[in-house]
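Undergrad: My file is input_8.txt. It has compact mmCIF, C-alpha atoms:
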```txt
# COMPACT_ATOMS: atom_id res chain seq x y z
CA MET A 256 -11.75 -40.02 -24.62
CA ALA A 257 -8.20 -40.77 -25.59
CA LEU A 258 -5.33 -39.01 -27.27
CA ARG A 259 -4.59 -40.47 -30.68
CA ASN A 260 -1.26 -40.42 -32.48
CA ILE A 261 -1.05 -37.86 -35.27
CA LEU A 262 0.44 -39.28 -38.46
CA THR A 263 3.28 -37.36 -40.07
CA LYS A 264 3.98 -36.63 -43.72
CA GLU A 265 6.16 -39.74 -44.11
CA GLN A 266 3.20 -42.05 -43.53
CA PRO A 267 1.43 -43.21 -46.74
CA LEU A 268 -2.03 -43.31 -45.14
CA LEU A 269 -2.09 -39.48 -45.19
CA TYR A 270 -2.17 -39.55 -49.00
CA LYS A 271 -5.16 -41.88 -49.35
CA LYS A 272 -8.74 -40.79 -50.03
CA SER A 273 -11.20 -41.17 -47.15
CA ARG A 274 -14.47 -43.06 -47.31
CA THR A 275 -17.91 -41.60 -46.67
CA VAL A 276 -19.30 -42.02 -43.15
CA THR A 277 -22.53 -44.05 -43.30
CA ASP A 278 -22.85 -45.22 -39.68
CA PHE A 279 -23.51 -42.46 -37.15
CA ASN A 280 -22.92 -44.71 -34.19
CA PRO A 281 -20.99 -44.78 -30.88
CA ARG A 282 -17.75 -45.68 -32.73
CA LEU A 283 -18.02 -42.45 -34.76
CA HIS A 284 -18.79 -40.48 -31.58
CA GLN A 285 -15.74 -42.00 -29.88
CA LEU A 286 -13.57 -41.06 -32.88
CA LEU A 287 -14.86 -37.47 -32.79
CA ASP A 288 -14.34 -37.21 -29.02
CA ASP A 289 -10.80 -38.61 -29.33
CA MET A 290 -10.07 -36.24 -32.22
CA ARG A 291 -11.28 -33.28 -30.13
CA GLU A 292 -9.00 -34.23 -27.24
CA THR A 293 -6.08 -34.80 -29.63
CA LEU A 294 -6.65 -31.48 -31.42
CA LEU A 295 -6.88 -29.46 -28.22
CA SER A 296 -3.84 -31.22 -26.73
CA ALA A 297 -1.78 -30.46 -29.87
CA ASN A 298 -2.83 -26.78 -29.90
CA GLY A 299 -4.03 -27.04 -33.50
CA VAL A 300 -6.98 -25.35 -35.20
CA GLY A 301 -8.13 -28.31 -37.29
CA LEU A 302 -7.82 -32.07 -37.53
CA ALA A 303 -9.04 -34.63 -40.06
CA ALA A 304 -9.66 -38.31 -39.32
CA PRO A 305 -6.90 -39.49 -41.71
CA GLN A 306 -4.40 -37.59 -39.56
CA VAL A 307 -5.17 -40.01 -36.73
CA GLY A 308 -5.10 -43.04 -39.04
CA VAL A 309 -8.82 -43.34 -39.81
CA LEU A 310 -9.84 -43.09 -43.49
CA ARG A 311 -13.30 -41.64 -42.85
CA ARG A 312 -14.70 -38.26 -43.93
CA ALA A 313 -14.67 -36.56 -40.52
CA VAL A 314 -13.12 -33.19 -39.70
CA LEU A 315 -12.86 -30.89 -36.68
CA VAL A 316 -12.21 -27.15 -37.01
CA ILE A 317 -11.94 -24.65 -34.17
CA GLU A 318 -13.99 -21.51 -34.85
CA THR A 319 -11.65 -18.72 -33.82
CA ASN A 320 -13.75 -15.84 -35.22
CA VAL A 321 -15.79 -15.24 -32.08
CA PRO A 322 -16.81 -11.94 -30.47
CA GLU A 323 -14.64 -10.56 -27.67
CA GLY A 324 -15.33 -12.42 -24.44
CA GLU A 325 -16.84 -15.50 -26.10
CA GLU A 326 -15.20 -18.92 -26.18
CA GLU A 327 -13.85 -20.50 -29.33
CA TYR A 328 -15.64 -23.73 -30.17
CA VAL A 329 -15.11 -26.91 -32.18
CA ILE A 330 -17.13 -27.51 -35.35
CA GLU A 331 -17.62 -31.20 -36.23
CA LEU A 332 -18.03 -31.86 -39.96
CA ILE A 333 -18.99 -35.33 -41.17
CA ASN A 334 -18.92 -35.92 -44.96
CA PRO A 335 -18.15 -32.23 -45.57
CA GLU A 336 -18.24 -30.66 -49.01
CA ILE A 337 -17.48 -27.10 -50.00
CA VAL A 338 -20.55 -25.64 -51.69
CA GLU A 339 -19.53 -22.00 -52.08
CA THR A 340 -16.40 -19.85 -51.89
CA SER A 341 -15.62 -16.17 -52.31
CA GLY A 342 -12.65 -13.85 -52.05
CA GLU A 343 -9.04 -14.86 -51.66
CA GLN A 344 -6.41 -14.94 -48.95
CA ASP A 345 -2.74 -15.76 -49.24
CA GLY A 346 -0.93 -16.68 -46.06
CA ALA A 347 1.26 -18.99 -44.07
CA GLU A 348 -0.18 -22.41 -43.38
CA GLY A 349 1.06 -25.25 -41.22
CA CYS A 350 -0.18 -28.69 -40.27
CA LEU A 351 -0.02 -30.98 -37.24
CA SER A 352 1.12 -33.74 -39.64
CA VAL A 353 3.97 -31.56 -40.96
CA PRO A 354 5.44 -30.18 -37.72
CA GLY A 355 7.70 -27.15 -37.93
CA GLU A 356 7.06 -26.50 -41.63
CA TYR A 357 4.99 -23.67 -43.08
CA GLY A 358 4.16 -22.63 -46.60
CA LEU A 359 2.34 -19.85 -48.42
CA VAL A 360 -1.02 -21.15 -49.65
CA LYS A 361 -3.82 -19.34 -51.49
CA ARG A 362 -7.28 -20.11 -50.11
CA PRO A 363 -10.74 -18.53 -50.39
CA MET A 364 -11.55 -15.79 -47.83
CA THR A 365 -15.05 -17.19 -47.22
CA VAL A 366 -16.15 -20.81 -47.49
CA LYS A 367 -19.57 -22.41 -47.07
CA VAL A 368 -19.57 -26.10 -46.19
CA ARG A 369 -22.42 -28.61 -46.26
CA ALA A 370 -21.93 -31.49 -43.83
CA GLN A 371 -23.62 -33.74 -41.32
CA ASP A 372 -23.37 -33.64 -37.55
CA ARG A 373 -22.40 -36.64 -35.42
CA TYR A 374 -26.00 -37.90 -35.60
CA GLY A 375 -26.27 -37.64 -39.40
CA LYS A 376 -28.32 -34.43 -39.46
CA PRO A 377 -27.36 -32.20 -42.44
CA PHE A 378 -26.34 -28.57 -41.89
CA GLU A 379 -24.39 -25.76 -43.53
CA VAL A 380 -21.76 -23.58 -41.93
CA GLU A 381 -19.83 -20.59 -43.26
CA GLY A 382 -16.33 -19.61 -42.24
CA THR A 383 -14.13 -16.62 -42.99
CA GLY A 384 -10.42 -15.98 -42.66
CA LEU A 385 -8.65 -18.64 -40.62
CA THR A 386 -11.81 -20.74 -40.32
CA ALA A 387 -12.24 -20.77 -44.13
CA ARG A 388 -8.56 -21.72 -44.49
CA CYS A 389 -9.05 -24.57 -42.02
CA PHE A 390 -12.17 -25.87 -43.75
CA CYS A 391 -10.24 -26.11 -47.04
CA HIS A 392 -7.09 -27.54 -45.44
CA GLU A 393 -8.93 -30.26 -43.50
CA ILE A 394 -11.24 -31.22 -46.39
CA ASP A 395 -8.09 -31.55 -48.53
CA HIS A 396 -6.87 -34.16 -46.03
CA LEU A 397 -9.98 -36.22 -46.80
CA GLU A 398 -8.83 -36.33 -50.42
CA GLY A 399 -5.28 -37.36 -49.44
CA ILE A 400 -3.90 -33.87 -50.10
CA VAL A 401 -1.33 -32.33 -47.75
CA PHE A 402 -0.86 -28.55 -47.84
CA THR A 403 2.78 -28.81 -48.93
CA SER A 404 1.58 -29.84 -52.40
CA LYS A 405 -0.51 -26.65 -52.66
CA ALA A 406 2.04 -24.22 -51.23
CA ASP A 407 3.39 -21.59 -53.61
CA ARG A 408 6.58 -21.95 -51.61
CA MET A 409 7.70 -23.16 -48.21
CA LEU A 410 8.91 -20.60 -45.69
CA THR A 411 12.47 -20.62 -44.36
CA GLU A 412 13.18 -20.85 -40.63
CA GLU A 413 14.18 -17.17 -40.65
CA GLU A 414 10.86 -16.16 -42.25
CA MET A 415 8.96 -18.21 -39.69
CA ARG A 416 10.85 -16.68 -36.77
CA ALA A 417 10.12 -13.19 -38.15
CA ALA A 418 6.41 -14.01 -38.53
CA VAL A 419 6.19 -15.34 -34.96
CA GLU A 420 7.93 -12.22 -33.58
CA GLU A 421 5.35 -10.02 -35.34
CA GLU A 422 2.43 -11.69 -33.52
```
Is it possible to express this structure as structure tokens?

TA:
Amino acid sequence: MALRNILTKEQPLLYKKSRTVTDFNPRLHQLLDDMRETLLSANGVGLAAPQVGVLRRAVLVIETNVPEGEEEYVIELINPEIVETSGEQDGAEGCLSVPGEYGLVKRPMTVKVRAQDRYGKPFEVEGTGLTARCFCHEIDHLEGIVFTSKADRMLTEEEMRAAVEEE
């Protein structure tokens, strides 16, 4: 495994559409393993392959909605597509590719995603709250969309400091 560089909003590759993964081979597994290490090292909750310079439809999301005493875990989504949404949430969102900036973004409260695992086997997964937000945010990256274009407004430094103090 290796840490990969995370592209920032100034880099044009972030705004390109990713290609479907067709080869579920050791190169894909290496990419996913590197992305996991990069995500955990950066203390993020999600990471898409384009953020590490690879235009493939691969996403990692950390499931944070776990029962007390259980460990959070990483969900690998290859060729993900949102198949169902419900509810609505409106909250602050940030991005490893847009460090230090946060904006208010409306997202569904619950999201069901159809994807493939690292071996090509299809599955569905449902997420709520932060996990649903992450599914949407990371799948947007696969379309070349960065959250700043979806934000109702960006938060000021003062608003961010106040939000952090509340936690």

Undergrad: Padding 8 Å on every side, please: axis-aligned box over the listed atoms of segment 280-289 of chain A, centre and edge lengths to one decimal in Å, as JSON.

TA:
```
{"center_x": -16.9, "center_y": -41.4, "center_z": -31.9, "size_x": 28.1, "size_y": 24.5, "size_z": 21.7}
```

Undergrad: Just to confirm, what's the straight-line distance from atom CA of Ala297 of chain A to atom CA of Glu412 of chain A in Å (one decimal)?

TA: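 Distance between the two atoms: 20.8 Å.
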
Undergrad: From the list A:Leu294, A:Leu410, A:Cys350, A:Leu310, which residue is nearest Pro267 of chain A when using all atoms listed in the file?

TA: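 Counting all atoms listed in the file, the residue closest to Pro267 of chain A is A:Leu310.
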
Undergrad: Select, from A:Ser352, A:Gln306, A:Asn280, A:Thr386, the residue with the minimum atom-to-atom distance to Glu327 of chain A, counting only C-alpha atoms.

TA: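 For Glu327 of chain A, the nearest of the candidates is A:Thr386.
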
Undergrad: Which residue out of A:Ile261, A:Ile330, A:Met256, A:Val309 has the minimum interatomic distance to Arg373 of chain A when only C-alpha atoms are used?

TA: A:Ile330

Undergrad: Within 8 Å of Arg291 of chain A, counting only C-alpha atoms, which residues qualify if same-chain residues fewer than 3 places away don't, as a VMD selection string?

TA: chain A and resid 287 to 288 294 to 295 315 329

Undergrad: Grab the residues selected above and save them as a CSV table (one decimal), in the coordinates of the input with C-alpha atoms.

TA:
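selection.csv, written as the output of this step:
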```
chain,number,residue,atom,x,y,z
A,287,LEU,CA,-14.9,-37.5,-32.8
A,288,ASP,CA,-14.3,-37.2,-29.0
A,294,LEU,CA,-6.6,-31.5,-31.4
A,295,LEU,CA,-6.9,-29.5,-28.2
A,315,LEU,CA,-12.9,-30.9,-36.7
A,329,VAL,CA,-15.1,-26.9,-32.2
```

Undergrad: Counting only C-alpha atoms, which of A:Leu332, A:Val307, A:Gln285, A:Pro322 gets nearest to Ile394 of chain A?

TA: A:Leu332

Undergrad: Name the closest residue to Val300 of chain A among the candidates A:Val360, A:Cys389, A:Leu269, A:Ala313; distances are taken between atoms, counting all atoms listed in the file.

TA: A:Cys389

Undergrad: Counting all atoms listed in the file, find the residues whose atoms lie at most 6 Å from (-18.1, -35.1, -40.9) (file coordinates) and write them out as a count of residues only.

TA: 8

Undergrad: Which residue, A:Met290, A:Thr411, A:Glu356, A:Leu397, has the smallest gap to Ala257 of chain A when you use only C-alpha atoms?

TA: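 Result for the nearest residue to Ala257 of chain A: A:Met290.
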